[in-house]
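Contents: one structure, followed by commentary.
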Amino acid sequence: MDSGLADAGKQLYHVEVHIDEHQPSRGILDLLSRLRPQWKAQDIQMKTFTDGITNQLIGCYVGSLQEPGCVLVRLYGKMTELYVNRDHEVEMFQILHAHRCGPEIYCSFQNGICYEFVRGTVLDDKLLRQPSIYRLIAAEMGKIHSIQPKSGLPAEPVLWTKMSNFLKLVQSSVSSSPAEQCSADLQEVPSSETLSLEMELLKRHLSQIDSPTVLCHNDLLTKNIIYNQKEGMVKFIDYEYADYNYQAFDIGNHFNEFAGVNDVNYSLYPSWELQKDWLTAYLESYKHSTGREVTVTEAEVTQLYIQVCKFSLASNFFWGLWAILQSRYSSIDFDFQRFNYYFTAVFSTLNIIIHHFKYSEKEKYLQDTEFRLSILVQCLDKQDLHYN
């Protein structure tokens, strides 16, 4: 796809307004008086969306939410500037919009941004498994993955830089917290030393896998997918973590989300049959968008499947670190203590790949660093992966 579209990279309109997260209405009306001056204050309706995990999201409209012109106001979550580059997020908005893959961003303000409302409904876990819909998701991801860097030069994957930053923040948050709080908050989470060793192990092995570096969403859970049934299309939203990264990470991360967010059930991780169909639809779209022969072979699907299985481990590790940070800093009402799940989910993924791994060894896996790393090495070295 052409990367030189004019909209990407232009200066974004900025409004010097700060919106109170506890009483946002007054600040939002002030903002809209400049962004939508034709709207009368008494006609403006607001709807707070509850799907966000780290940010507040409020839809503002006159008439109907599904009519053109609706504005989404997003208030940044507490301390998110520690691990989210907001200037880069704006750039991702502009690039994806320029390629018709995302909404228009209207402006920034002191503690947030405003952008176009994407019409449709937020996907739920059941719809995620419907072939007609997951093929749309696979095709849309393939299209986004085809977007080339503006520089025209090969991009470096962001994964290890981002993961290293998360780990440093985790280590800093643990060392600055009282011992009794750490023991209560971080039950079953490996020590900082173990996490550091595991990250290096993942980096050493996964960096050798020949997974292309592409433009990734990096956070494609169901709540970041909008399905427009009338138009038969899906769009991805929320680009806080969007960046150039490993192709297999973006897909593996999405597959992990099949297990759910609120009621996590890792047995819902997609079957081999679903993955094969999904990956075929993805490769067809990716090849078409990059101007290549669209024919997809079984060998190509199998190779990508193996890469995705392994990078799904890195996804669980990445969001485990993220959840520890959220439990410390976020003011959003959400059970961030569930970070224990993310590290347990690494065990579940390993069990998918290494069939003889006994569930009775779970506690040993979580507590014994040497055993944990040896099992992880087995998984990363394995070449003949087959789903149960």
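To be explicit about the labels: the chains of the structure tokens are called A, B, and onward in the order shown, and within each one the residues are counted from 1, while ligands get numbers from 1 in the order they are shown.
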DSSP-assigned helix (DSSP H, G or I) members of segment 243-344 of chain A, reported as number ranges by chain: A: 247-259, 266-268, 272-289, 298-329, 336-344
Strand (DSSP E or B) residues, from DSSP on the backbone, in segment 131-308 of chain A, as a ChimeraX atom specification: /A:213-216,225-228,233-236,243-246
Distance query segment 145-154 of chain A at most 12 Å, only C-alpha atoms, self and fewer than 5 positions along chain excluded, as number ranges by chain: A: 1-9, 91-92, 94-101, 138-140, 212-218, 242-251, 282-292
Please produce a file of those selected residues containing C-alpha atoms, as a CSV table (one decimal), in the first residue's frame.
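Just written: out.csv:
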chain,number,residue,atom,x,y,z
A,1,MET,CA,0.0,0.0,0.0
A,2,ASP,CA,1.1,3.6,-0.7
A,3,SER,CA,2.6,5.1,2.5
A,4,GLY,CA,2.9,8.6,1.3
A,5,LEU,CA,-0.6,9.8,1.9
A,6,ALA,CA,-0.8,13.5,2.8
A,7,ASP,CA,-2.9,13.2,6.0
A,8,ALA,CA,-0.4,11.1,7.9
A,9,GLY,CA,2.0,13.2,10.1
A,91,GLU,CA,0.7,9.4,14.5
A,92,MET,CA,-0.8,5.9,14.3
A,94,GLN,CA,-3.3,9.5,11.3
A,95,ILE,CA,-1.6,6.7,9.4
A,96,LEU,CA,-4.4,4.3,9.8
A,97,HIS,CA,-7.0,6.9,8.8
A,98,ALA,CA,-5.0,7.8,5.8
A,99,HIS,CA,-5.1,4.2,4.7
A,100,ARG,CA,-8.9,4.0,5.4
A,101,CYS,CA,-8.3,1.6,8.3
A,138,ALA,CA,-8.2,-11.7,9.6
A,139,ALA,CA,-8.6,-9.8,6.4
A,140,GLU,CA,-8.6,-6.4,8.1
A,212,PRO,CA,8.1,-10.2,9.4
A,213,THR,CA,8.0,-6.8,11.1
A,214,VAL,CA,4.7,-5.2,10.1
A,215,LEU,CA,2.4,-2.5,11.3
A,216,CYS,CA,0.5,-4.1,14.2
A,217,HIS,CA,-2.4,-3.1,16.4
A,218,ASN,CA,-0.8,-5.1,19.3
A,242,ALA,CA,0.0,0.2,17.7
A,243,ASP,CA,3.5,0.1,16.2
A,244,TYR,CA,5.7,-1.9,14.0
A,245,ASN,CA,6.1,-5.4,15.5
A,246,TYR,CA,6.3,-9.1,14.7
A,247,GLN,CA,3.5,-10.3,12.5
A,248,ALA,CA,3.1,-13.5,14.6
A,249,PHE,CA,2.9,-11.5,17.9
A,250,ASP,CA,-0.1,-9.5,16.7
A,251,ILE,CA,-2.0,-12.7,15.6
A,282,TYR,CA,-5.3,-13.5,6.8
A,283,LEU,CA,-2.6,-14.6,4.3
A,284,GLU,CA,-4.9,-14.1,1.4
A,285,SER,CA,-5.6,-10.5,2.5
A,286,TYR,CA,-1.9,-9.8,3.4
A,287,LYS,CA,-0.7,-11.2,0.0
A,288,HIS,CA,-3.4,-9.3,-1.9
A,289,SER,CA,-2.6,-6.0,-0.1
A,290,THR,CA,1.1,-6.4,-0.7
A,291,GLY,CA,0.6,-7.1,-4.4
A,292,ARG,CA,1.6,-10.7,-4.4
For Thr121 of chain A, work out the shell of residues within 7 Å, counting only C-alpha atoms and skipping chain neighbours fewer than 3 positions away, then give it as a compact mmCIF listing (two decimals) with all heavy atoms, in the first residue's frame.
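Dumped to result.txt:
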# COMPACT_ATOMS: atom_id res chain seq x y z
N ILE A 226 -14.88 -3.16 16.07
CA ILE A 226 -16.24 -2.69 15.81
C ILE A 226 -16.79 -3.41 14.58
O ILE A 226 -16.15 -3.41 13.52
CB ILE A 226 -16.27 -1.16 15.57
CG1 ILE A 226 -15.64 -0.41 16.75
CG2 ILE A 226 -17.70 -0.69 15.33
CD1 ILE A 226 -16.36 -0.60 18.07
N TYR A 227 -17.94 -4.03 14.74
CA TYR A 227 -18.57 -4.78 13.65
C TYR A 227 -19.77 -4.01 13.13
O TYR A 227 -20.69 -3.69 13.87
CB TYR A 227 -19.01 -6.16 14.16
CG TYR A 227 -19.81 -6.97 13.17
CD1 TYR A 227 -19.35 -7.18 11.87
CD2 TYR A 227 -21.03 -7.54 13.53
CE1 TYR A 227 -20.08 -7.93 10.96
CE2 TYR A 227 -21.76 -8.30 12.63
CZ TYR A 227 -21.29 -8.49 11.34
OH TYR A 227 -22.01 -9.23 10.45
N ASN A 228 -19.74 -3.71 11.84
CA ASN A 228 -20.85 -3.03 11.18
C ASN A 228 -21.58 -4.06 10.32
O ASN A 228 -21.14 -4.39 9.22
CB ASN A 228 -20.34 -1.87 10.31
CG ASN A 228 -21.47 -1.00 9.77
OD1 ASN A 228 -22.50 -1.51 9.33
ND2 ASN A 228 -21.27 0.31 9.80
Exercise: Gln208 of chain A partners within 12 Å, only C-alpha atoms, chain neighbours under 6 positions left out, as an MDAnalysis selection string: chainID A and resid 201:202 246 307 310:311 380:381
Coordinates-based distance that separates atom CA of Asp125 of chain A from atom CA of Met233 of chain A (Å, one decimal):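 So the two atoms, atom CA of Met233 of chain A and atom CA of Asp125 of chain A, lie 17.0 Å apart.
Of the listed residues A:Gln303, A:Asn256, A:Thr295, A:Ser327, the one whose atoms come nearest to Leu128 of chain A is A:Asn256, with distances taken using only C-alpha atoms.
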10 Å contact set for segment 107-113 of chain A, only C-alpha atoms, chain neighbours under 5 positions out, as a ChimeraX atom specification: /A:11-21,31,35,55-57,72-78,86-87,90
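Atom CA of Val301 of chain A to atom CA of Trp278 of chain A spans 9.5 Å [interatomic distance, one decimal].
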Interatomic distance (Å, one decimal) between atom CA of Leu220 of chain A and atom CA of Thr161 of chain A: 19.6 Å
Using only C-alpha atoms: which of A:Thr297, A:Ser207, A:Asn316, A:Asn265 has the shortest distance to Val158 of chain A: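 That would be A:Ser207, the residue with the smallest distance to Val158 of chain A.
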Nearest residue to Gln23 of chain A from the set A:Leu268, A:Cys309, A:Cys379, A:Ile58 (distances using only C-alpha atoms): A:Ile58
Counting only C-alpha atoms, the option among A:Gly260, A:Gly232, A:Tyr134, A:Asn253 closest to Lys276 of chain A: A:Tyr134
